$ cat upload.csv   # CSV, C-alpha atoms and all ligand atoms
chain,number,residue,atom,x,y,z
A,1310,MET,CA,55.2,29.7,-26.2
A,1311,LYS,CA,56.7,26.2,-26.9
A,1312,CYS,CA,58.2,23.5,-24.7
A,1313,ARG,CA,61.8,22.4,-25.0
A,1314,CYS,CA,60.5,19.4,-26.9
A,1315,GLY,CA,58.7,21.6,-29.4
A,1316,ARG,CA,55.1,21.0,-28.3
A,1317,LYS,CA,52.6,23.6,-27.2
A,1318,ALA,CA,53.4,24.9,-23.6
A,1319,VAL,CA,51.0,24.6,-20.7
A,1320,PHE,CA,53.3,25.8,-17.9
A,1321,HIS,CA,55.8,28.6,-17.7
A,1322,SER,CA,57.8,29.5,-14.7
A,1323,ARG,CA,60.1,32.5,-14.2
A,1324,VAL,CA,61.4,30.9,-11.0
A,1325,TYR,CA,62.6,27.7,-12.7
A,1326,ARG,CA,63.2,29.6,-16.0
A,1327,ILE,CA,61.3,26.8,-17.8
A,1328,THR,CA,58.4,26.4,-20.3
A,1329,LEU,CA,56.8,22.9,-20.5
A,1330,CYS,CA,54.1,21.0,-22.5
A,1331,ASP,CA,51.4,18.7,-21.1
A,1332,GLU,CA,53.7,15.7,-21.4
A,1333,CYS,CA,56.9,17.2,-20.0
A,1334,PHE,CA,55.3,19.1,-17.1
A,1335,PRO,CA,54.0,16.0,-15.1
A,1336,LYS,CA,57.5,14.4,-15.3
A,1337,PHE,CA,59.0,17.7,-14.2
A,1338,TYR,CA,56.5,18.0,-11.3
A,1339,VAL,CA,57.0,14.4,-10.1
A,1340,ASN,CA,60.8,14.9,-10.2
A,1341,LEU,CA,60.5,18.0,-8.0
A,1342,VAL,CA,58.5,16.0,-5.5
A,1343,LYS,CA,61.1,13.2,-5.6
A,1344,ARG,CA,63.9,15.7,-5.0
A,1345,SER,CA,62.2,17.3,-1.9
A,1346,ILE,CA,61.5,13.8,-0.4
A,1347,LYS,CA,65.1,12.8,-0.9
A,1348,ARG,CA,66.7,16.0,0.2
A,1349,TYR,CA,64.6,16.4,3.4
A,1350,GLY,CA,64.2,12.7,4.2
A,1351,ILE,CA,60.4,13.0,4.1
A,1352,LEU,CA,59.5,9.4,3.2
A,1353,LYS,CA,61.3,6.0,3.1
A,1354,SER,CA,60.7,3.5,0.4
A,1355,SER,CA,60.0,0.8,3.0
A,1356,GLU,CA,57.2,2.7,4.6
A,1357,LYS,CA,53.4,2.1,4.3
A,1358,ILE,CA,52.0,5.5,3.7
A,1359,LEU,CA,48.4,6.8,4.4
A,1360,VAL,CA,47.8,9.5,1.9
A,1361,CYS,CA,45.1,12.0,3.1
A,1362,VAL,CA,43.0,13.2,0.2
A,1363,SER,CA,40.3,15.9,0.5
A,1364,GLY,CA,39.2,15.8,-3.1
A,1365,GLY,CA,40.9,19.2,-3.8
A,1366,LYS,CA,43.7,19.8,-6.3
A,1367,ASP,CA,46.6,19.7,-3.8
A,1368,SER,CA,46.0,16.3,-2.3
A,1369,THR,CA,45.0,15.0,-5.7
A,1370,ALA,CA,48.4,16.1,-7.1
A,1371,MET,CA,50.2,14.5,-4.1
A,1372,ALA,CA,48.4,11.1,-4.6
A,1373,TYR,CA,49.4,11.1,-8.3
A,1374,ALA,CA,53.1,12.0,-7.6
A,1375,LEU,CA,53.6,9.4,-4.8
A,1376,ASN,CA,51.9,6.8,-6.9
A,1377,GLU,CA,54.2,7.6,-9.8
A,1378,LEU,CA,57.2,7.3,-7.5
A,1379,ASP,CA,56.1,3.8,-6.5
A,1380,TYR,CA,55.6,4.4,-2.9
A,1381,ASN,CA,53.4,1.9,-0.9
A,1382,ILE,CA,50.3,4.0,-0.5
A,1383,GLU,CA,46.6,3.9,0.3
A,1384,LEU,CA,44.2,6.8,0.1
A,1385,PHE,CA,42.3,8.2,3.1
A,1386,HIS,CA,39.4,10.5,3.2
A,1387,ILE,CA,37.2,11.8,6.1
A,1388,ASP,CA,33.6,12.7,5.2
A,1389,LEU,CA,33.1,15.7,7.4
A,1390,GLY,CA,29.4,16.0,6.6
A,1391,ILE,CA,29.6,19.6,5.2
A,1392,GLY,CA,26.6,19.6,2.9
A,1393,ASN,CA,27.2,19.5,-0.8
A,1394,TYR,CA,30.9,20.2,-0.4
A,1395,SER,CA,31.4,16.9,1.3
A,1396,LYS,CA,29.3,15.1,-1.3
A,1397,GLU,CA,31.4,16.5,-4.1
A,1398,SER,CA,34.6,15.8,-2.3
A,1399,LEU,CA,33.8,12.1,-1.7
A,1400,LYS,CA,32.8,11.7,-5.3
A,1401,ALA,CA,36.1,13.2,-6.4
A,1402,VAL,CA,38.2,10.9,-4.2
A,1403,GLU,CA,36.3,7.8,-5.3
A,1404,GLU,CA,37.0,8.7,-8.9
A,1405,LEU,CA,40.7,9.4,-8.1
A,1406,ALA,CA,41.1,6.0,-6.4
A,1407,GLN,CA,39.6,4.3,-9.5
A,1408,THR,CA,41.8,6.3,-11.9
A,1409,LEU,CA,45.0,5.6,-10.0
A,1410,ASN,CA,43.9,2.1,-9.1
A,1411,LEU,CA,44.5,2.7,-5.3
A,1412,ASN,CA,42.7,1.5,-2.2
A,1413,LEU,CA,40.5,4.2,-0.7
A,1414,ASN,CA,39.6,4.3,3.0
A,1415,VAL,CA,36.7,6.5,4.1
A,1416,VAL,CA,35.7,7.4,7.6
A,1417,LYS,CA,32.4,9.2,8.1
A,1418,LEU,CA,32.3,11.7,11.0
A,1419,GLU,CA,28.6,11.0,11.2
A,1420,ASP,CA,29.5,7.6,12.7
A,1421,TYR,CA,30.7,9.5,15.8
A,1422,GLY,CA,27.2,11.0,16.1
A,1423,PHE,CA,27.8,14.5,14.7
A,1424,THR,CA,29.1,16.4,11.6
A,1425,ILE,CA,31.1,19.6,11.2
A,1426,ASP,CA,27.8,21.4,10.4
A,1427,ASP,CA,26.7,20.7,14.0
A,1428,VAL,CA,29.6,22.7,15.4
A,1429,GLU,CA,29.0,26.4,16.3
A,1430,SER,CA,30.3,28.6,13.5
A,1431,LYS,CA,32.9,30.3,15.6
A,1432,LYS,CA,34.6,27.0,16.4
A,1433,VAL,CA,34.2,25.2,13.1
A,1434,CYS,CA,37.7,25.5,11.8
A,1435,SER,CA,39.5,24.6,15.0
A,1436,ALA,CA,37.1,21.7,15.7
A,1437,CYS,CA,37.6,20.5,12.1
A,1438,GLY,CA,41.4,20.5,12.5
A,1439,ILE,CA,41.2,18.6,15.8
A,1440,VAL,CA,38.8,16.0,14.3
A,1441,LYS,CA,40.9,15.4,11.2
A,1442,ARG,CA,44.2,15.0,13.1
A,1443,TYR,CA,42.7,12.7,15.6
A,1444,ILE,CA,40.9,10.4,13.2
A,1445,MET,CA,43.8,10.1,10.7
A,1446,ASN,CA,46.3,9.4,13.5
A,1447,ARG,CA,44.1,6.7,15.1
A,1448,PHE,CA,43.2,5.1,11.7
A,1449,ALA,CA,46.8,5.0,10.6
A,1450,ARG,CA,48.1,3.5,13.8
A,1451,GLU,CA,45.3,0.9,14.1
A,1452,ARG,CA,45.8,-0.2,10.5
A,1453,GLY,CA,49.6,-0.4,10.7
A,1454,PHE,CA,50.6,2.6,8.6
A,1455,ASP,CA,54.1,4.0,9.2
A,1456,VAL,CA,53.4,7.6,8.2
A,1457,ILE,CA,50.6,10.0,7.3
A,1458,ALA,CA,51.1,12.2,4.3
A,1459,THR,CA,49.2,15.5,4.0
A,1460,ALA,CA,49.3,17.9,1.1
A,1461,HIS,CA,50.4,21.2,2.7
A,1462,THR,CA,51.7,23.6,0.1
A,1463,CYS,CA,54.3,26.2,0.5
A,1464,GLU,CA,51.5,28.8,0.9
A,1465,ASP,CA,49.9,26.8,3.7
A,1466,ILE,CA,53.2,26.7,5.6
A,1467,ILE,CA,54.0,30.4,5.2
A,1468,LEU,CA,50.4,31.2,6.4
A,1469,PHE,CA,50.8,29.0,9.5
A,1470,PHE,CA,54.2,30.6,10.1
A,1471,ILE,CA,53.1,34.2,9.9
A,1472,LYS,CA,50.0,33.6,12.0
A,1473,ASN,CA,51.8,31.8,14.8
A,1474,VAL,CA,54.7,34.4,14.9
A,1475,LEU,CA,52.1,37.2,15.1
A,1476,SER,CA,50.2,35.5,18.0
A,1477,GLY,CA,53.5,34.7,19.8
A,1478,ASN,CA,53.2,30.9,19.5
A,1479,VAL,CA,56.7,30.6,18.2
A,1480,GLU,CA,57.2,27.1,19.6
A,1481,TYR,CA,54.5,25.9,17.1
A,1482,ILE,CA,57.0,26.6,14.3
A,1483,SER,CA,58.7,23.2,15.1
A,1484,LYS,CA,55.5,21.6,13.6
A,1485,LEU,CA,56.4,22.9,10.2
A,1486,SER,CA,59.2,20.4,9.5
A,1487,PRO,CA,58.4,18.4,6.4
A,1488,ARG,CA,58.9,15.2,8.4
A,1489,ILE,CA,57.9,14.7,12.0
A,1490,ASP,CA,58.7,11.3,13.5
A,1491,GLY,CA,56.2,9.5,15.5
A,1492,PHE,CA,56.3,8.9,19.3
A,1493,ASP,CA,54.1,7.1,21.8
A,1494,LYS,CA,50.7,6.7,20.0
A,1495,LEU,CA,51.4,9.4,17.4
A,1496,VAL,CA,52.2,8.2,13.9
A,1497,ALA,CA,54.9,10.0,11.9
A,1498,LYS,CA,53.7,12.9,9.6
A,1499,ALA,CA,55.0,13.9,6.2
A,1500,LYS,CA,54.5,17.0,4.0
A,1501,PRO,CA,55.9,16.0,0.6
A,1502,LEU,CA,54.5,19.0,-1.2
A,1503,PHE,CA,55.9,21.6,1.2
A,1504,GLU,CA,58.0,23.2,-1.6
A,1505,ARG,CA,55.1,23.0,-4.2
A,1506,THR,CA,52.9,25.9,-5.0
A,1507,GLU,CA,49.1,25.8,-5.5
A,1508,LYS,CA,49.7,26.8,-9.1
A,1509,GLU,CA,52.0,23.9,-9.8
A,1510,ASN,CA,49.4,21.5,-8.2
A,1511,ALA,CA,46.5,23.0,-10.2
A,1512,THR,CA,48.5,22.8,-13.4
A,1513,LEU,CA,49.3,19.1,-12.8
A,1514,VAL,CA,45.7,18.0,-12.1
A,1515,LEU,CA,44.3,20.0,-15.0
A,1516,THR,CA,46.9,18.8,-17.4
A,1517,LEU,CA,46.4,15.2,-16.6
A,1518,ASN,CA,42.6,15.7,-16.2
A,1519,LEU,CA,42.7,14.0,-12.8
A,1520,PRO,CA,39.3,14.0,-10.9
A,1521,PHE,CA,39.1,16.7,-8.2
A,1522,THR,CA,36.6,19.2,-7.0
A,1523,PRO,CA,37.2,23.0,-7.4
A,1524,MET,CA,34.8,23.6,-4.5
A,1525,GLU,CA,36.2,25.3,-1.4
A,1526,CYS,CA,34.9,24.5,2.1
A,1527,PRO,CA,32.0,26.9,2.8
A,1528,HIS,CA,33.5,27.5,6.3
A,1529,ALA,CA,36.9,28.5,5.0
A,1530,PRO,CA,37.5,32.2,5.8
A,1531,ASN,CA,38.7,34.7,3.2
A,1532,ASP,CA,42.4,35.0,4.1
A,1533,ILE,CA,43.9,38.4,3.7
A,1534,TRP,CA,47.4,37.0,4.4
A,1535,LYS,CA,47.1,34.7,1.5
A,1536,GLU,CA,46.5,37.7,-0.8
A,1537,ILE,CA,49.5,39.4,0.7
A,1538,ILE,CA,51.7,36.4,0.1
A,1539,TYR,CA,50.6,36.4,-3.6
A,1540,GLU,CA,51.3,40.2,-3.8
A,1541,ILE,CA,54.9,39.7,-2.6
A,1542,GLU,CA,55.4,36.8,-5.0
A,1543,ALA,CA,54.2,39.0,-7.9
A,1544,LYS,CA,56.9,41.6,-7.0
A,1545,ARG,CA,59.6,39.1,-5.9
A,1546,ARG,CA,59.5,35.9,-8.0
A,1547,GLY,CA,60.5,32.9,-6.0
A,1548,PHE,CA,59.7,34.5,-2.7
A,1549,LYS,CA,57.3,31.8,-1.6
A,1550,GLN,CA,59.7,28.8,-2.2
A,1551,ASN,CA,62.7,30.6,-0.8
A,1552,PHE,CA,60.8,31.7,2.3
A,1553,VAL,CA,59.4,28.2,2.9
A,1554,ARG,CA,62.9,26.7,2.8
A,1555,GLY,CA,64.0,29.3,5.4
A,1556,ILE,CA,61.0,28.4,7.6
A,1557,VAL,CA,61.9,24.7,7.4
A,1558,LYS,CA,65.5,25.4,8.5
A,1559,LEU,CA,64.2,27.5,11.4
A,1560,ALA,CA,61.7,24.8,12.3
A,1561,LYS,CA,64.6,22.4,13.0
A,1562,SER,CA,66.2,24.7,15.5
A,1563,VAL,CA,63.0,25.7,17.3
A,1564,LYS,CA,62.5,23.7,20.5
A,1565,ALA,CA,59.0,22.2,20.7
A,1566,GLU,CA,57.0,23.0,23.7
A,1567,GLU,CA,57.9,20.7,26.6
A,1568,TRP,CA,54.9,18.6,27.6
A,1569,GLU,CA,54.4,15.5,29.6
A,1570,VAL,CA,52.7,12.8,27.5
A,1571,LYS,CA,49.3,12.0,29.0
A,1572,HIS,CA,46.6,9.7,27.7
A,1573,CYS,CA,42.9,10.6,27.4
A,1574,LYS,CA,40.8,9.0,30.2
A,1575,ILE,CA,38.0,8.2,27.7
A,1576,CYS,CA,39.8,7.0,24.5
A,1577,GLY,CA,43.4,6.4,25.6
A,1578,GLU,CA,44.9,8.6,22.8
A,1579,VAL,CA,47.7,11.0,23.5
A,1580,SER,CA,46.4,14.2,25.0
A,1581,ASN,CA,47.6,17.4,26.9
A,1582,PHE,CA,44.7,17.1,29.2
A,1583,GLU,CA,42.7,14.5,31.2
A,1584,ILE,CA,40.2,14.3,28.4
A,1585,CYS,CA,41.4,14.9,24.8
A,1586,SER,CA,40.1,17.7,22.6
A,1587,PHE,CA,38.4,15.2,20.3
A,1588,CYS,CA,36.5,13.5,23.1
A,1589,LYS,CA,35.4,16.9,24.4
A,1590,ILE,CA,34.0,17.7,20.9
A,1591,VAL,CA,32.2,14.3,20.8
A,1592,GLU,CA,30.8,14.9,24.2
A,1593,ARG,CA,29.5,18.3,23.3
A,1594,TYR,CA,28.0,17.7,19.8
A,1595,SER,CA,27.1,14.1,19.6
A,1596,ARG,CA,23.4,13.5,19.1
A,1597,LYS,CA,23.7,10.6,21.5
A,1598,ASN,CA,24.5,13.1,24.2
A,1599,ARG,CA,21.8,15.7,23.3
B,1,ZN,ZN,57.5,19.0,-23.9
B,2,ZN,ZN,39.9,11.0,24.0

$ encode --input "upload.csv" --output "structure tokens" --more "lines below"
Ligand SMILES: [Zn+2]
Ligand SMILES: [Zn+2]
Amino acid sequence: MKCRCGRKAVFHSRVYRITLCDECFPKFYVNLVKRSIKRYGILKSSEKILVCVSGGKDSTAMAYALNELDYNIELFHIDLGIGNYSKESLKAVEELAQTLNLNLNVVKLEDYGFTIDDVESKKVCSACGIVKRYIMNRFARERGFDVIATAHTCEDIILFFIKNVLSGNVEYISKLSPRIDGFDKLVAKAKPLFERTEKENATLVLTLNLPFTPMECPHAPNDIWKEIIYEIEAKRRGFKQNFVRGIVKLAKSVKAEEWEVKHCKICGEVSNFEICSFCKIVERYSRKNR
């Protein structure tokens, strides 16, 4: 198969009805990201953006696209201390920062006296989510960033949607907007890749030979729902991207859970309780407290 320019194709999509080469695909990809950002008001050109990178293909693709679009960005990585996976991830983001000539900020969870490997296996994923959200918000605010960008793909958003609908947490759907403005001590959050698929992100990083790690977190569960989403897509081309646009529309009309803003007695950050979830985790797992 050949690209419209005549060169050998690396990407073919029945959804976009397009076949592209290694030179035309990155431009096409960046333009798709640009269109999402504009259409959904995800980022403003005046903003200072903290781009969260894990070392995986999705956040690597996001960093490349936002850099190409000339946004004011710095990279941010949290070293979770998950054995070899974290070592490989850190190596990948350091190489990425060099390749794109961007400033990289790294926070080591170990500096708080524990790592994700210290958390009991049943609670690892929820603890990891709490830790990441807390550290990136606090870092962004203290360093004067206007918005935090994360590389959630359309598959991630569909999975979150299905799981929360099934467990009855429908108010959480409001969190799926591609742009959530900040309030109180919470910094604004952006998901500029919410319409992008994992396949598009993988094609971009492989085509451009950008540094990333193919390693998956050893704690990540095998997700049956992800397989189901891929099966539907195989039978109904374009399902994922159409579905995610529907979810985002719905997210706007869902009223977020009403809650009174409180501040953690220990750290002063926004919390639902007297002591925030992050401080509870630190209290429980920090070596200083053992
Ligand atoms: Zn071409
Ligand atoms: Zn706290």

$ closest_residue --input "upload.csv" --among "A:Ser1355, A:Glu1464, A:Cys1330, A:Ser1595" --to "Glu1542 (chain A)" --atoms "only C-alpha atoms"
A:Glu1464

$ residues_near_ligand --input "upload.csv" --ligand "ligand ZN 1 (chain B)" --cutoff "12 Å" --atoms "all atoms listed in the file" --output "PyMOL selection string"
chain A and resi 1310-1321+1327-1337

$ residues_near_ligand --input "upload.csv" --ligand "ligand ZN 2 (chain B)" --cutoff "8 Å" --atoms "only C-alpha atoms and all ligand atoms" --output "list in words"
His1572, Cys1573, Lys1574, Ile1575, Cys1576, Gly1577, Glu1578, Val1579, Ser1580, Ile1584, Cys1585, Ser1586, Phe1587, Cys1588 and Lys1589 of chain A

$ write_last_selection --input "upload.csv" --atoms "C-alpha atoms" --output "compact mmCIF listing (two decimals), keeping the file's coordinate frame"
# COMPACT_ATOMS: atom_id res chain seq x y z
CA HIS A 1572 46.60 9.70 27.70
CA CYS A 1573 42.90 10.60 27.40
CA LYS A 1574 40.80 9.00 30.20
CA ILE A 1575 38.00 8.20 27.70
CA CYS A 1576 39.80 7.00 24.50
CA GLY A 1577 43.40 6.40 25.60
CA GLU A 1578 44.90 8.60 22.80
CA VAL A 1579 47.70 11.00 23.50
CA SER A 1580 46.40 14.20 25.00
CA ILE A 1584 40.20 14.30 28.40
CA CYS A 1585 41.40 14.90 24.80
CA SER A 1586 40.10 17.70 22.60
CA PHE A 1587 38.40 15.20 20.30
CA CYS A 1588 36.50 13.50 23.10
CA LYS A 1589 35.40 16.90 24.40

$ residues_around --input "upload.csv" --residues "Glu1356 (chain A)" --least-positions-apart "5" --cutoff "10 Å" --atoms "all atoms listed in the file" --output "list in words"
Tyr1380, Asn1381, Ile1382, Phe1454, Asp1455 and Val1456 of chain A

$ residues_around --input "upload.csv" --residues "Gly1547 (chain A)" --least-positions-apart "2" --cutoff "6 Å" --atoms "only C-alpha atoms" --output "list in words"
Val1324, Lys1549 and Gln1550 of chain A

$ residues_around --input "upload.csv" --residues "Met1524 (chain A)" --least-positions-apart "3" --cutoff "8 Å" --atoms "all atoms listed in the file" --output "PDB file with C-alpha atoms, keeping the file's coordinate frame"
ATOM      1  CA  GLY A1365      40.900  19.200  -3.800  1.00  0.00           C
ATOM      2  CA  TYR A1394      30.900  20.200  -0.400  1.00  0.00           C
ATOM      3  CA  GLU A1397      31.400  16.500  -4.100  1.00  0.00           C
TER       4      GLU A1397
END

$ atom_distance --input "upload.csv" --atom1 "CA of Ser1363 (chain A)" --atom2 "CA of Ala1449 (chain A)"
16.2 Å

$ closest_residue --input "upload.csv" --among "A:Phe1503, A:Tyr1349, A:Phe1469, A:Tyr1443" --to "Asn1551 (chain A)" --atoms "only C-alpha atoms"
A:Phe1503
